[in-house]
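I have placed the structure first, in the form of structure tokens, so that the comments after it can refer back to it.
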Amino acid sequence: MTRFVRVVALLIPILACAVDPAERLYYDALRGEETGMGREAQVELLSRAISMAPRRSWYWETRATYLIDLKLYDRASSDLDTAIRLNDRPYLRFMRGLVTCERGYPAASVDDFSAAIAAQPKNTQFYRGRSLALSALGRYREALVDAEHLVAVVPQQAESWYARGVARSGLGDDRGALSDFGEAIRRRPELVFPVAARARSHERLGESREAALDRELAGKLERDRAGCALCLDPFRY
């Protein structure tokens, strides 16, 4: 369950007085978190709510969240486009940036991340998204600037160190990247992607034994954490 959905689900009892049919469908979908309804069924309920009240941006945003869980990124992106047209918010830009990266278009994501940062410069997760997108484009020096900001402001987050490791590795500093990936793993040992990245750095440094050990560990983690999208994918939130 994503952070957005968890928070909204906690508000359901408070908002139980909602009476119009679209809102009832919306809250029925959210209650699916507690009943094990399944994402497809939740998407169907939200689709019905949207057909009744298409100008409620939060319906589109929530459906996009569920579509992301289903890895239906094109549909999620379309929903986020609509949500942004109805009620442009920094977090929606961040979400669309992540989805755009998932779709394989990091260049198109940078403007969304930058818009989110400009509107809420203290929200560190926006810098993480932009740093990873810039690294995916080979713009490692710019990516390193964002990652250095993350390490300075939120060093307790494993993702900060991972983002810096990716940028440093791209700049040819695989020894420094190993340190960053190791710190990310120390802080969140359940994450698969920093282990896989560390394996690649070991390979580039000619450290075949260490690389093989990390590949083995990454494979084990991937099997053990198959149901944890956040553990597998650095572009999830």
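How things are named: the first chain in the structure tokens is A, the next is B, and so on; residues count from 1 in each chain; ligands count from 1 in the order shown.
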
Once DSSP has gone over the backbone, tell me which residues of stretch 58-216 of chain A are in helix (DSSP H, G or I), as a ChimeraX atom specification. /A:58-69,73-86,90-102,106-119,124-136,140-153,158-170,174-187,193-204,208-216

So that I have them on file, write out the residues from the current selection with C-alpha atoms, as a short mmCIF file (atom, residue, chain, number, x, y, z; two decimals), in the first residue's frame.
data_model
loop_
_atom_site.label_atom_id
_atom_site.label_comp_id
_atom_site.auth_asym_id
_atom_site.auth_seq_id
_atom_site.Cartn_x
_atom_site.Cartn_y
_atom_site.Cartn_z
CA TRP A 58 -8.58 13.21 -6.25
CA TYR A 59 -10.49 10.42 -8.00
CA TRP A 60 -8.05 10.54 -10.91
CA GLU A 61 -5.06 10.73 -8.56
CA THR A 62 -6.20 7.73 -6.52
CA ARG A 63 -6.94 5.66 -9.61
CA ALA A 64 -3.48 6.53 -10.92
CA THR A 65 -1.99 5.23 -7.67
CA TYR A 66 -3.75 1.90 -8.10
CA LEU A 67 -2.79 1.71 -11.78
CA ILE A 68 0.84 2.24 -10.78
CA ASP A 69 0.56 -0.75 -8.44
CA TYR A 73 1.93 3.13 -16.38
CA ASP A 74 0.46 4.57 -19.57
CA ARG A 75 -3.00 4.66 -18.02
CA ALA A 76 -1.63 6.04 -14.77
CA SER A 77 0.13 8.80 -16.68
CA SER A 78 -3.08 9.73 -18.46
CA ASP A 79 -4.93 9.92 -15.14
CA LEU A 80 -2.22 12.12 -13.68
CA ASP A 81 -2.41 14.41 -16.72
CA THR A 82 -6.08 14.90 -15.95
CA ALA A 83 -5.53 15.37 -12.22
CA ILE A 84 -2.93 18.04 -12.95
CA ARG A 85 -5.23 19.85 -15.34
CA LEU A 86 -7.93 19.89 -12.67
CA PRO A 90 3.72 19.64 -6.68
CA TYR A 91 3.12 16.08 -5.50
CA LEU A 92 1.16 15.27 -8.65
CA ARG A 93 4.07 16.54 -10.72
CA PHE A 94 6.40 14.30 -8.71
CA MET A 95 4.13 11.31 -9.25
CA ARG A 96 3.91 11.96 -12.98
CA GLY A 97 7.69 12.31 -13.14
CA LEU A 98 8.14 8.89 -11.55
CA VAL A 99 5.59 7.31 -13.87
CA THR A 100 7.26 8.92 -16.88
CA CYS A 101 10.54 7.33 -15.81
CA GLU A 102 8.79 3.98 -15.41
CA PRO A 106 13.36 10.16 -18.19
CA ALA A 107 13.98 13.26 -20.32
CA ALA A 108 10.27 14.07 -20.21
CA SER A 109 10.22 13.70 -16.43
CA VAL A 110 12.79 16.35 -15.54
CA ASP A 111 10.46 19.31 -16.05
CA ASP A 112 7.88 17.77 -13.70
CA PHE A 113 10.46 17.12 -11.00
CA SER A 114 11.86 20.64 -11.41
CA ALA A 115 8.37 22.16 -11.19
CA ALA A 116 7.71 20.21 -8.01
CA ILE A 117 11.02 21.36 -6.52
CA ALA A 118 10.39 24.98 -7.46
CA ALA A 119 7.01 24.89 -5.72
CA THR A 124 13.44 16.07 -0.47
CA GLN A 125 11.76 13.21 -2.32
CA PHE A 126 11.41 15.49 -5.34
CA TYR A 127 15.21 15.82 -5.54
CA ARG A 128 15.59 12.04 -5.43
CA GLY A 129 13.32 11.67 -8.44
CA ARG A 130 15.18 14.32 -10.42
CA SER A 131 18.61 12.97 -9.48
CA LEU A 132 17.74 9.49 -10.69
CA ALA A 133 16.17 10.85 -13.88
CA LEU A 134 19.24 12.96 -14.62
CA SER A 135 21.49 9.96 -14.06
CA ALA A 136 19.34 7.92 -16.44
CA TYR A 140 25.65 12.81 -13.85
CA ARG A 141 27.09 16.10 -12.64
CA GLU A 142 23.62 17.62 -12.35
CA ALA A 143 22.38 14.40 -10.75
CA LEU A 144 25.21 14.61 -8.22
CA VAL A 145 24.16 18.12 -7.17
CA ASP A 146 20.68 16.86 -6.27
CA ALA A 147 22.10 13.78 -4.58
CA GLU A 148 24.56 15.79 -2.51
CA HIS A 149 21.62 17.88 -1.32
CA LEU A 150 19.82 14.70 -0.29
CA VAL A 151 22.81 13.34 1.63
CA ALA A 152 23.23 16.68 3.40
CA VAL A 153 19.55 17.12 4.33
CA ALA A 158 18.95 5.02 2.25
CA GLU A 159 17.63 6.43 -1.03
CA SER A 160 19.80 9.53 -0.60
CA TRP A 161 22.96 7.44 -0.61
CA TYR A 162 21.72 5.32 -3.48
CA ALA A 163 21.07 8.38 -5.64
CA ARG A 164 24.56 9.70 -4.92
CA GLY A 165 26.08 6.31 -5.65
CA VAL A 166 24.38 6.19 -9.03
CA ALA A 167 25.67 9.66 -9.93
CA ARG A 168 29.21 8.96 -8.70
CA SER A 169 29.32 5.68 -10.56
CA GLY A 170 28.25 7.47 -13.74
CA ASP A 174 32.98 3.50 -8.60
CA ARG A 175 35.04 3.34 -5.43
CA GLY A 176 33.07 6.23 -3.98
CA ALA A 177 29.86 4.69 -5.32
CA LEU A 178 30.61 1.46 -3.45
CA SER A 179 30.72 3.41 -0.21
CA ASP A 180 27.39 5.07 -0.96
CA PHE A 181 25.68 1.84 -1.98
CA GLY A 182 27.04 0.18 1.14
CA GLU A 183 25.56 2.93 3.30
CA ALA A 184 22.20 2.58 1.55
CA ILE A 185 22.25 -1.17 2.18
CA ARG A 186 23.24 -0.68 5.82
CA ARG A 187 20.29 1.64 6.37
CA PHE A 193 18.46 -1.97 -6.18
CA PRO A 194 21.49 -0.71 -4.19
CA VAL A 195 22.81 -4.28 -3.97
CA ALA A 196 22.43 -4.73 -7.73
CA ALA A 197 24.12 -1.35 -8.31
CA ARG A 198 26.99 -2.28 -5.99
CA ALA A 199 27.49 -5.50 -7.96
CA ARG A 200 27.88 -3.45 -11.15
CA SER A 201 30.43 -1.16 -9.51
CA HIS A 202 32.43 -4.16 -8.30
CA GLU A 203 32.39 -5.54 -11.83
CA ARG A 204 33.71 -2.31 -13.30
CA SER A 208 34.58 -10.37 -9.69
CA ARG A 209 34.21 -12.24 -6.39
CA GLU A 210 32.52 -9.32 -4.65
CA ALA A 211 30.33 -8.74 -7.71
CA ALA A 212 29.22 -12.37 -7.72
CA LEU A 213 28.34 -12.22 -4.02
CA ASP A 214 26.25 -9.11 -4.54
CA ARG A 215 24.48 -10.61 -7.54
CA GLU A 216 23.64 -13.64 -5.43
#

Which residue gives the smallest distance to A:Leu72 among A:Leu46, A:Asn87, A:Asp173, A:Arg103, with only C-alpha atoms counted?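 Closest candidate: A:Arg103.
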
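Atom CA of A:Met52 is positioned 5.9 Å from atom CA of A:Ala22.
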